[in-house]
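*Asks:* Input upload-v3.cif, format and content: mmCIF, C-alpha atoms; chains and numbers go by the auth columns.
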data_run
#
loop_
_atom_site.group_PDB
_atom_site.id
_atom_site.type_symbol
_atom_site.label_atom_id
_atom_site.label_comp_id
_atom_site.label_asym_id
_atom_site.label_seq_id
_atom_site.Cartn_x
_atom_site.Cartn_y
_atom_site.Cartn_z
_atom_site.B_iso_or_equiv
_atom_site.auth_seq_id
_atom_site.auth_asym_id
ATOM 1 C CA MET A 1 46.734 -55.725 -17.197 0.00 116 A
ATOM 2 C CA VAL A 2 45.444 -53.812 -20.161 0.00 117 A
ATOM 3 C CA ASN A 3 45.854 -50.041 -20.113 0.00 118 A
ATOM 4 C CA LEU A 4 42.785 -48.051 -21.055 0.00 119 A
ATOM 5 C CA ASP A 5 43.576 -45.111 -23.287 0.00 120 A
ATOM 6 C CA LEU A 6 41.510 -42.470 -21.523 0.00 121 A
ATOM 7 C CA SER A 7 42.408 -39.924 -24.214 0.00 122 A
ATOM 8 C CA THR A 8 39.928 -41.671 -26.546 0.00 123 A
ATOM 9 C CA ASP A 9 36.134 -41.634 -26.437 0.00 124 A
ATOM 10 C CA PHE A 10 36.157 -45.442 -26.360 0.00 125 A
ATOM 11 C CA GLY A 11 38.590 -45.600 -23.423 0.00 126 A
ATOM 12 C CA GLN A 12 36.528 -43.076 -21.487 0.00 127 A
ATOM 13 C CA ARG A 13 33.341 -45.025 -22.205 0.00 128 A
ATOM 14 C CA VAL A 14 34.919 -48.294 -21.031 0.00 129 A
ATOM 15 C CA ALA A 15 36.143 -46.647 -17.813 0.00 130 A
ATOM 16 C CA ARG A 16 32.727 -45.071 -17.162 0.00 131 A
ATOM 17 C CA ARG A 17 30.846 -48.315 -17.682 0.00 132 A
ATOM 18 C CA LEU A 18 33.286 -50.247 -15.485 0.00 133 A
ATOM 19 C CA ARG A 19 32.663 -47.674 -12.733 0.00 134 A
ATOM 20 C CA GLU A 20 28.911 -47.245 -13.140 0.00 135 A
ATOM 21 C CA GLU A 21 27.314 -50.414 -14.525 0.00 136 A
ATOM 22 C CA ARG A 22 25.790 -52.841 -12.037 0.00 137 A
ATOM 23 C CA ILE A 23 25.831 -55.964 -14.227 0.00 138 A
ATOM 24 C CA ILE A 24 28.493 -57.418 -16.478 0.00 139 A
ATOM 25 C CA TRP A 25 28.154 -60.692 -18.376 0.00 140 A
ATOM 26 C CA LEU A 26 30.805 -63.272 -17.493 0.00 141 A
ATOM 27 C CA ILE A 27 31.468 -66.050 -19.999 0.00 142 A
ATOM 28 C CA THR A 28 33.225 -69.190 -18.806 0.00 143 A
ATOM 29 C CA ILE A 29 33.845 -72.532 -20.500 0.00 144 A
ATOM 30 C CA ASP A 30 32.163 -75.528 -18.852 0.00 145 A
ATOM 31 C CA ALA A 31 33.328 -79.152 -18.596 0.00 146 A
ATOM 32 C CA GLN A 32 31.773 -79.935 -22.019 0.00 147 A
ATOM 33 C CA GLN A 33 33.729 -77.019 -23.582 0.00 148 A
ATOM 34 C CA VAL A 34 30.562 -74.946 -24.017 0.00 149 A
ATOM 35 C CA ALA A 35 30.575 -71.190 -23.383 0.00 150 A
ATOM 36 C CA GLN A 36 28.319 -70.304 -20.441 0.00 151 A
ATOM 37 C CA PRO A 37 27.296 -66.644 -20.083 0.00 152 A
ATOM 38 C CA VAL A 38 25.975 -65.448 -16.731 0.00 153 A
ATOM 39 C CA PRO A 39 25.246 -61.929 -15.448 0.00 154 A
ATOM 40 C CA VAL A 40 27.292 -61.058 -12.354 0.00 155 A
ATOM 41 C CA TRP A 41 27.769 -58.231 -9.901 0.00 156 A
ATOM 42 C CA PHE A 42 31.285 -56.840 -9.981 0.00 157 A
ATOM 43 C CA TRP A 43 33.653 -54.248 -8.614 0.00 158 A
ATOM 44 C CA TRP A 44 36.235 -52.478 -10.780 0.00 159 A
ATOM 45 C CA ASP A 45 39.211 -51.215 -8.763 0.00 160 A
ATOM 46 C CA GLY A 46 40.857 -49.447 -11.692 0.00 161 A
ATOM 47 C CA GLU A 47 42.952 -52.475 -12.665 0.00 162 A
ATOM 48 C CA THR A 48 40.989 -55.662 -11.991 0.00 163 A
ATOM 49 C CA ILE A 49 37.407 -56.874 -11.779 0.00 164 A
ATOM 50 C CA LEU A 50 36.312 -58.565 -8.566 0.00 165 A
ATOM 51 C CA ILE A 51 33.309 -60.883 -8.350 0.00 166 A
ATOM 52 C CA TYR A 52 32.040 -62.913 -5.397 0.00 167 A
ATOM 53 C CA ASN A 53 30.856 -66.495 -5.892 0.00 168 A
ATOM 54 C CA LEU A 54 29.003 -69.274 -4.155 0.00 169 A
ATOM 55 C CA PRO A 55 31.583 -71.925 -3.198 0.00 170 A
ATOM 56 C CA ASP A 56 29.754 -74.672 -5.107 0.00 171 A
ATOM 57 C CA SER A 57 28.964 -72.666 -8.253 0.00 172 A
ATOM 58 C CA VAL A 58 29.508 -74.133 -11.698 0.00 173 A
ATOM 59 C CA LYS A 59 31.154 -70.906 -12.866 0.00 174 A
ATOM 60 C CA LEU A 60 33.751 -71.210 -10.101 0.00 175 A
ATOM 61 C CA ARG A 61 34.627 -74.753 -11.198 0.00 176 A
ATOM 62 C CA SER A 62 34.699 -73.606 -14.819 0.00 177 A
ATOM 63 C CA MET A 63 37.082 -70.734 -14.039 0.00 178 A
ATOM 64 C CA ALA A 64 39.366 -73.076 -12.083 0.00 179 A
ATOM 65 C CA ALA A 65 39.599 -75.411 -15.087 0.00 180 A
ATOM 66 C CA HIS A 66 39.677 -72.640 -17.724 0.00 181 A
ATOM 67 C CA PRO A 67 40.892 -69.345 -16.222 0.00 182 A
ATOM 68 C CA LYS A 68 40.632 -67.404 -19.491 0.00 183 A
ATOM 69 C CA VAL A 69 37.264 -65.659 -19.421 0.00 184 A
ATOM 70 C CA THR A 70 35.355 -63.032 -21.349 0.00 185 A
ATOM 71 C CA LEU A 71 33.150 -60.279 -19.978 0.00 186 A
ATOM 72 C CA HIS A 72 30.871 -57.866 -21.761 0.00 187 A
ATOM 73 C CA PHE A 73 28.231 -55.246 -21.126 0.00 188 A
ATOM 74 C CA ASP A 74 24.833 -55.096 -22.755 0.00 189 A
ATOM 75 C CA GLY A 75 24.885 -53.049 -25.950 0.00 190 A
ATOM 76 C CA ASP A 76 22.504 -50.233 -26.741 0.00 191 A
ATOM 77 C CA GLY A 77 19.968 -52.508 -28.460 0.00 192 A
ATOM 78 C CA ARG A 78 20.943 -51.223 -31.902 0.00 193 A
ATOM 79 C CA GLY A 79 24.374 -52.841 -32.259 0.00 194 A
ATOM 80 C CA GLY A 80 26.299 -50.016 -30.601 0.00 195 A
ATOM 81 C CA ASP A 81 28.050 -49.367 -27.296 0.00 196 A
ATOM 82 C CA ILE A 82 29.780 -52.746 -27.507 0.00 197 A
ATOM 83 C CA ILE A 83 32.502 -53.478 -24.933 0.00 198 A
ATOM 84 C CA VAL A 84 34.147 -56.906 -24.676 0.00 199 A
ATOM 85 C CA ILE A 85 36.881 -57.647 -22.139 0.00 200 A
ATOM 86 C CA THR A 86 39.022 -60.781 -22.102 0.00 201 A
ATOM 87 C CA GLY A 87 41.069 -61.708 -19.084 0.00 202 A
ATOM 88 C CA GLU A 88 42.449 -64.228 -16.608 0.00 203 A
ATOM 89 C CA ALA A 89 40.443 -65.269 -13.545 0.00 204 A
ATOM 90 C CA ARG A 90 41.868 -66.486 -10.255 0.00 205 A
ATOM 91 C CA VAL A 91 40.535 -67.005 -6.758 0.00 206 A
ATOM 92 C CA ASP A 92 41.847 -64.181 -4.581 0.00 207 A
ATOM 93 C CA ARG A 93 41.749 -65.216 -0.927 0.00 208 A
ATOM 94 C CA SER A 94 43.435 -61.904 -0.012 0.00 209 A
ATOM 95 C CA ALA A 95 40.373 -59.924 -1.146 0.00 210 A
ATOM 96 C CA PRO A 96 38.124 -58.671 1.630 0.00 211 A
ATOM 97 C CA ALA A 97 34.827 -60.434 2.260 0.00 212 A
ATOM 98 C CA ALA A 98 32.005 -58.741 0.351 0.00 213 A
ATOM 99 C CA ASP A 99 30.544 -57.157 3.499 0.00 214 A
ATOM 100 C CA GLN A 100 33.958 -55.655 4.340 0.00 215 A
ATOM 101 C CA TYR A 101 34.161 -53.890 0.980 0.00 216 A
ATOM 102 C CA ALA A 102 32.182 -50.709 1.698 0.00 217 A
ATOM 103 C CA GLU A 103 32.036 -49.575 -1.938 0.00 218 A
ATOM 104 C CA TYR A 104 30.759 -52.976 -3.078 0.00 219 A
ATOM 105 C CA VAL A 105 28.081 -53.033 -0.356 0.00 220 A
ATOM 106 C CA ALA A 106 26.998 -49.497 -1.277 0.00 221 A
ATOM 107 C CA LYS A 107 26.762 -50.416 -4.965 0.00 222 A
ATOM 108 C CA TYR A 108 24.689 -53.563 -4.346 0.00 223 A
ATOM 109 C CA GLN A 109 22.808 -52.762 -1.117 0.00 224 A
ATOM 110 C CA GLY A 110 19.445 -52.798 -2.917 0.00 225 A
ATOM 111 C CA GLY A 111 20.204 -56.081 -4.662 0.00 226 A
ATOM 112 C CA ILE A 112 21.371 -57.687 -1.424 0.00 227 A
ATOM 113 C CA GLU A 113 18.115 -56.591 0.235 0.00 228 A
ATOM 114 C CA ARG A 114 16.109 -58.042 -2.693 0.00 229 A
ATOM 115 C CA LEU A 115 17.830 -61.372 -1.941 0.00 230 A
ATOM 116 C CA HIS A 116 16.454 -61.005 1.617 0.00 231 A
ATOM 117 C CA LYS A 117 19.977 -60.974 3.013 0.00 232 A
ATOM 118 C CA THR A 118 22.077 -58.676 5.109 0.00 233 A
ATOM 119 C CA PRO A 119 25.530 -57.796 3.774 0.00 234 A
ATOM 120 C CA GLU A 120 26.976 -60.257 6.305 0.00 235 A
ATOM 121 C CA GLU A 121 24.680 -63.063 5.116 0.00 236 A
ATOM 122 C CA PHE A 122 25.514 -62.263 1.506 0.00 237 A
ATOM 123 C CA ALA A 123 29.262 -62.392 2.288 0.00 238 A
ATOM 124 C CA ARG A 124 28.889 -65.765 4.011 0.00 239 A
ATOM 125 C CA ALA A 125 26.978 -67.201 1.035 0.00 240 A
ATOM 126 C CA TYR A 126 29.103 -65.597 -1.722 0.00 241 A
ATOM 127 C CA SER A 127 32.351 -66.319 0.059 0.00 242 A
ATOM 128 C CA VAL A 128 34.771 -66.971 -2.819 0.00 243 A
ATOM 129 C CA PRO A 129 36.296 -63.833 -4.355 0.00 244 A
ATOM 130 C CA VAL A 130 37.553 -64.124 -7.918 0.00 245 A
ATOM 131 C CA ARG A 131 39.732 -61.430 -9.405 0.00 246 A
ATOM 132 C CA ILE A 132 39.806 -61.033 -13.178 0.00 247 A
ATOM 133 C CA THR A 133 42.764 -59.259 -14.727 0.00 248 A
ATOM 134 C CA PRO A 134 41.815 -57.828 -18.121 0.00 249 A
ATOM 135 C CA THR A 135 44.213 -58.618 -20.962 0.00 250 A
ATOM 136 C CA LYS A 136 42.334 -57.064 -23.883 0.00 251 A
ATOM 137 C CA VAL A 137 39.443 -54.663 -24.414 0.00 252 A
ATOM 138 C CA ARG A 138 37.692 -54.259 -27.712 0.00 253 A
ATOM 139 C CA GLY A 139 34.451 -52.823 -29.000 0.00 254 A
ATOM 140 C CA HIS A 140 32.890 -49.845 -30.674 0.00 255 A
#
Re-express the file's structure as structure tokens.
*Replies:*
Amino acid sequence: MVNLDLSTDFGQRVARRLREERIIWLITIDAQQVAQPVPVWFWWDGETILIYNLPDSVKLRSMAAHPKVTLHFDGDGRGGDIIVITGEARVDRSAPAADQYAEYVAKYQGGIERLHKTPEEFARAYSVPVRITPTKVRGH
């Protein structure tokens, strides 16, 4: 796990965005060795990033074959506020189902409703938790 230096402006910005942002871009490598970016919902627990996946998703197969992944936030549109996180992804069967994670449900309640699902239906569909352990953070 990478330690964020919260004594720096950059470290504080990374921590804030990990707490507050709703979307992070996940980049995996597919079977043809091509980088595949996809926006995902996530939960930051202070040490790892948790995402929930459909069991038959391409990104889940890609992470199983190539567990080194990259994540990043959108920049400010002018080349600033860049945060890139590299890490290792693994399925975490010990993680609670999405509907059992109160903070996750609170964060994404509106999005779950826009999918015309209840939290329970969402958890049944997105039933595979993947935990990403950051190994490096860079940006400006």
*Asks:* What's around range 223-238 of chain A at 9 Å? Count all atoms listed in the file, leave out sequence neighbours fewer than 5 positions away in its own chain, and write the answer as a list of chain:residue names.
*Replies:*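 These residues fall inside the cut-off: A:Arg137, A:Trp156, A:Tyr167, A:Ala212, A:Ala213, A:Asp214, A:Gln215, A:Glu218, A:Val243.
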*Asks:* So, with all atoms listed in the file as the atoms that count, which of A:Val206, A:Leu169, A:Ile197, A:Ser242 lies closest to Phe125 in chain A?
*Replies:*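 Result for the nearest residue to Phe125 in chain A: A:Ile197.
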*Asks:* Have a look at A:Asn118, A:Thr250, A:Asn168, A:Ser177 and name the one nearest to Val149 in chain A; count only C-alpha atoms.
*Replies:*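 Checking each candidate against Val149 in chain A, we get A:Ser177 as the closest.
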*Asks:* If we draw a sphere of 10 Å around (40.0, -74.6, -18.9), which residues have at least one atom in it when counting only C-alpha atoms? Please report them as number ranges by chain.
*Replies:* A: 143-146, 148, 176-184
*Asks:* Which is closest to Trp158 in chain A among A:Phe188, A:Ile139, A:Leu119, A:Asp171, if we use only C-alpha atoms?
*Replies:*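 Going through A:Phe188, A:Ile139, A:Leu119, A:Asp171 one by one, the smallest distance to Trp158 in chain A is for A:Ile139.
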*Asks:* Using all atoms listed in the file, which protein or nucleic acid residues come within 7 Å of range 160-166 of chain A? Drop anything in the same chain fewer than 2 positions from it, and give the result as a count of residues only.
*Replies:* 11
*Asks:* If I put a ball of radius 12 Å at (31.9, -51.1, -26.4) in the file's coordinates, which residues poke into it when counting all atoms listed in the file, written as a count of residues only?
*Replies:* 27
*Asks:* Given the choices A:Arg193, A:Lys174, A:Lys222, A:Arg239, which gets closest to Ile142 in chain A if the distance is worked out from all atoms listed in the file?
*Replies:*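 The shortest atom-to-atom distance to Ile142 in chain A comes from A:Lys174.
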*Asks:* Interatomic distance between CA of Arg134 in chain A and CA of Trp159 in chain A?
*Replies:*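 CA of Trp159 in chain A lies at a distance of 6.3 Å from CA of Arg134 in chain A.
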*Asks:* Write out as AutoDock Vina command-line options an axis-aligned box for range 233-249 of chain A: all of its atoms listed in the file, 5 Å added on each side, centre and edge lengths in Å with one decimal.
*Replies:*
--center_x 32.4 --center_y -62.5 --center_z -5.9 --size_x 30.7 --size_y 19.4 --size_z 34.4
*Asks:* CA of Thr123 in chain A to CA of Leu141 in chain A: how many Å, to one decimal?
*Replies:* 25.1 Å
*Asks:* Just the number, please: distance in Å from CA of Thr185 in chain A to CA of Gly202 in chain A, one decimal.
*Replies:* 6.3 Å
*Asks:* Out of A:Ala150, A:Ile138, A:Val155, A:Leu121, which residue has the shortest atom-to-atom distance to Tyr241 in chain A when counting only C-alpha atoms?
*Replies:*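 Comparing A:Ala150, A:Ile138, A:Val155, A:Leu121 against Tyr241 in chain A, the winner is A:Val155.
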*Asks:* Add whatever atoms are absent from range 211-229 of chain A to reach N, CA and C atoms, and provide the output as a PDB file, in the frame of the given file.
*Replies:*
ATOM      1  N   PRO A 211      39.005 -58.735   0.466  1.00  0.00           N
ATOM      2  CA  PRO A 211      38.124 -58.671   1.630  1.00  0.00           C
ATOM      3  C   PRO A 211      36.811 -59.398   1.346  1.00  0.00           C
ATOM      4  N   ALA A 212      36.174 -59.874   2.399  1.00  0.00           N
ATOM      5  CA  ALA A 212      34.827 -60.434   2.260  1.00  0.00           C
ATOM      6  C   ALA A 212      33.917 -59.337   1.715  1.00  0.00           C
ATOM      7  N   ALA A 213      32.881 -59.718   1.005  1.00  0.00           N
ATOM      8  CA  ALA A 213      32.005 -58.741   0.351  1.00  0.00           C
ATOM      9  C   ALA A 213      31.467 -57.707   1.331  1.00  0.00           C
ATOM     10  N   ASP A 214      31.105 -58.114   2.540  1.00  0.00           N
ATOM     11  CA  ASP A 214      30.544 -57.157   3.499  1.00  0.00           C
ATOM     12  C   ASP A 214      31.599 -56.218   4.075  1.00  0.00           C
ATOM     13  N   GLN A 215      32.871 -56.510   3.871  1.00  0.00           N
ATOM     14  CA  GLN A 215      33.958 -55.655   4.340  1.00  0.00           C
ATOM     15  C   GLN A 215      34.403 -54.654   3.277  1.00  0.00           C
ATOM     16  N   TYR A 216      33.826 -54.757   2.102  1.00  0.00           N
ATOM     17  CA  TYR A 216      34.161 -53.890   0.980  1.00  0.00           C
ATOM     18  C   TYR A 216      33.055 -52.844   0.879  1.00  0.00           C
ATOM     19  N   ALA A 217      33.247 -51.710   1.558  1.00  0.00           N
ATOM     20  CA  ALA A 217      32.182 -50.709   1.698  1.00  0.00           C
ATOM     21  C   ALA A 217      31.622 -50.253   0.354  1.00  0.00           C
ATOM     22  N   GLU A 218      32.498 -50.044  -0.632  1.00  0.00           N
ATOM     23  CA  GLU A 218      32.036 -49.575  -1.938  1.00  0.00           C
ATOM     24  C   GLU A 218      31.165 -50.627  -2.626  1.00  0.00           C
ATOM     25  N   TYR A 219      31.537 -51.885  -2.478  1.00  0.00           N
ATOM     26  CA  TYR A 219      30.759 -52.976  -3.078  1.00  0.00           C
ATOM     27  C   TYR A 219      29.380 -53.045  -2.417  1.00  0.00           C
ATOM     28  N   VAL A 220      29.359 -52.982  -1.080  1.00  0.00           N
ATOM     29  CA  VAL A 220      28.081 -53.033  -0.356  1.00  0.00           C
ATOM     30  C   VAL A 220      27.208 -51.856  -0.766  1.00  0.00           C
ATOM     31  N   ALA A 221      27.781 -50.663  -0.877  1.00  0.00           N
ATOM     32  CA  ALA A 221      26.998 -49.497  -1.277  1.00  0.00           C
ATOM     33  C   ALA A 221      26.415 -49.683  -2.674  1.00  0.00           C
ATOM     34  N   LYS A 222      27.212 -50.218  -3.583  1.00  0.00           N
ATOM     35  CA  LYS A 222      26.762 -50.416  -4.965  1.00  0.00           C
ATOM     36  C   LYS A 222      25.609 -51.415  -5.043  1.00  0.00           C
ATOM     37  N   TYR A 223      25.660 -52.473  -4.226  1.00  0.00           N
ATOM     38  CA  TYR A 223      24.689 -53.563  -4.346  1.00  0.00           C
ATOM     39  C   TYR A 223      23.747 -53.699  -3.154  1.00  0.00           C
ATOM     40  N   GLN A 224      23.671 -52.686  -2.300  1.00  0.00           N
ATOM     41  CA  GLN A 224      22.808 -52.762  -1.117  1.00  0.00           C
ATOM     42  C   GLN A 224      21.376 -53.145  -1.486  1.00  0.00           C
ATOM     43  N   GLY A 225      20.819 -52.489  -2.505  1.00  0.00           N
ATOM     44  CA  GLY A 225      19.445 -52.798  -2.917  1.00  0.00           C
ATOM     45  C   GLY A 225      19.300 -54.224  -3.406  1.00  0.00           C
ATOM     46  N   GLY A 226      20.246 -54.705  -4.172  1.00  0.00           N
ATOM     47  CA  GLY A 226      20.204 -56.081  -4.662  1.00  0.00           C
ATOM     48  C   GLY A 226      20.337 -57.086  -3.540  1.00  0.00           C
ATOM     49  N   ILE A 227      21.203 -56.795  -2.584  1.00  0.00           N
ATOM     50  CA  ILE A 227      21.371 -57.687  -1.424  1.00  0.00           C
ATOM     51  C   ILE A 227      20.062 -57.757  -0.645  1.00  0.00           C
ATOM     52  N   GLU A 228      19.410 -56.610  -0.469  1.00  0.00           N
ATOM     53  CA  GLU A 228      18.115 -56.591   0.235  1.00  0.00           C
ATOM     54  C   GLU A 228      17.058 -57.378  -0.538  1.00  0.00           C
ATOM     55  N   ARG A 229      17.082 -57.281  -1.889  1.00  0.00           N
ATOM     56  CA  ARG A 229      16.109 -58.042  -2.693  1.00  0.00           C
ATOM     57  C   ARG A 229      16.336 -59.544  -2.567  1.00  0.00           C
TER      58      ARG A 229
END
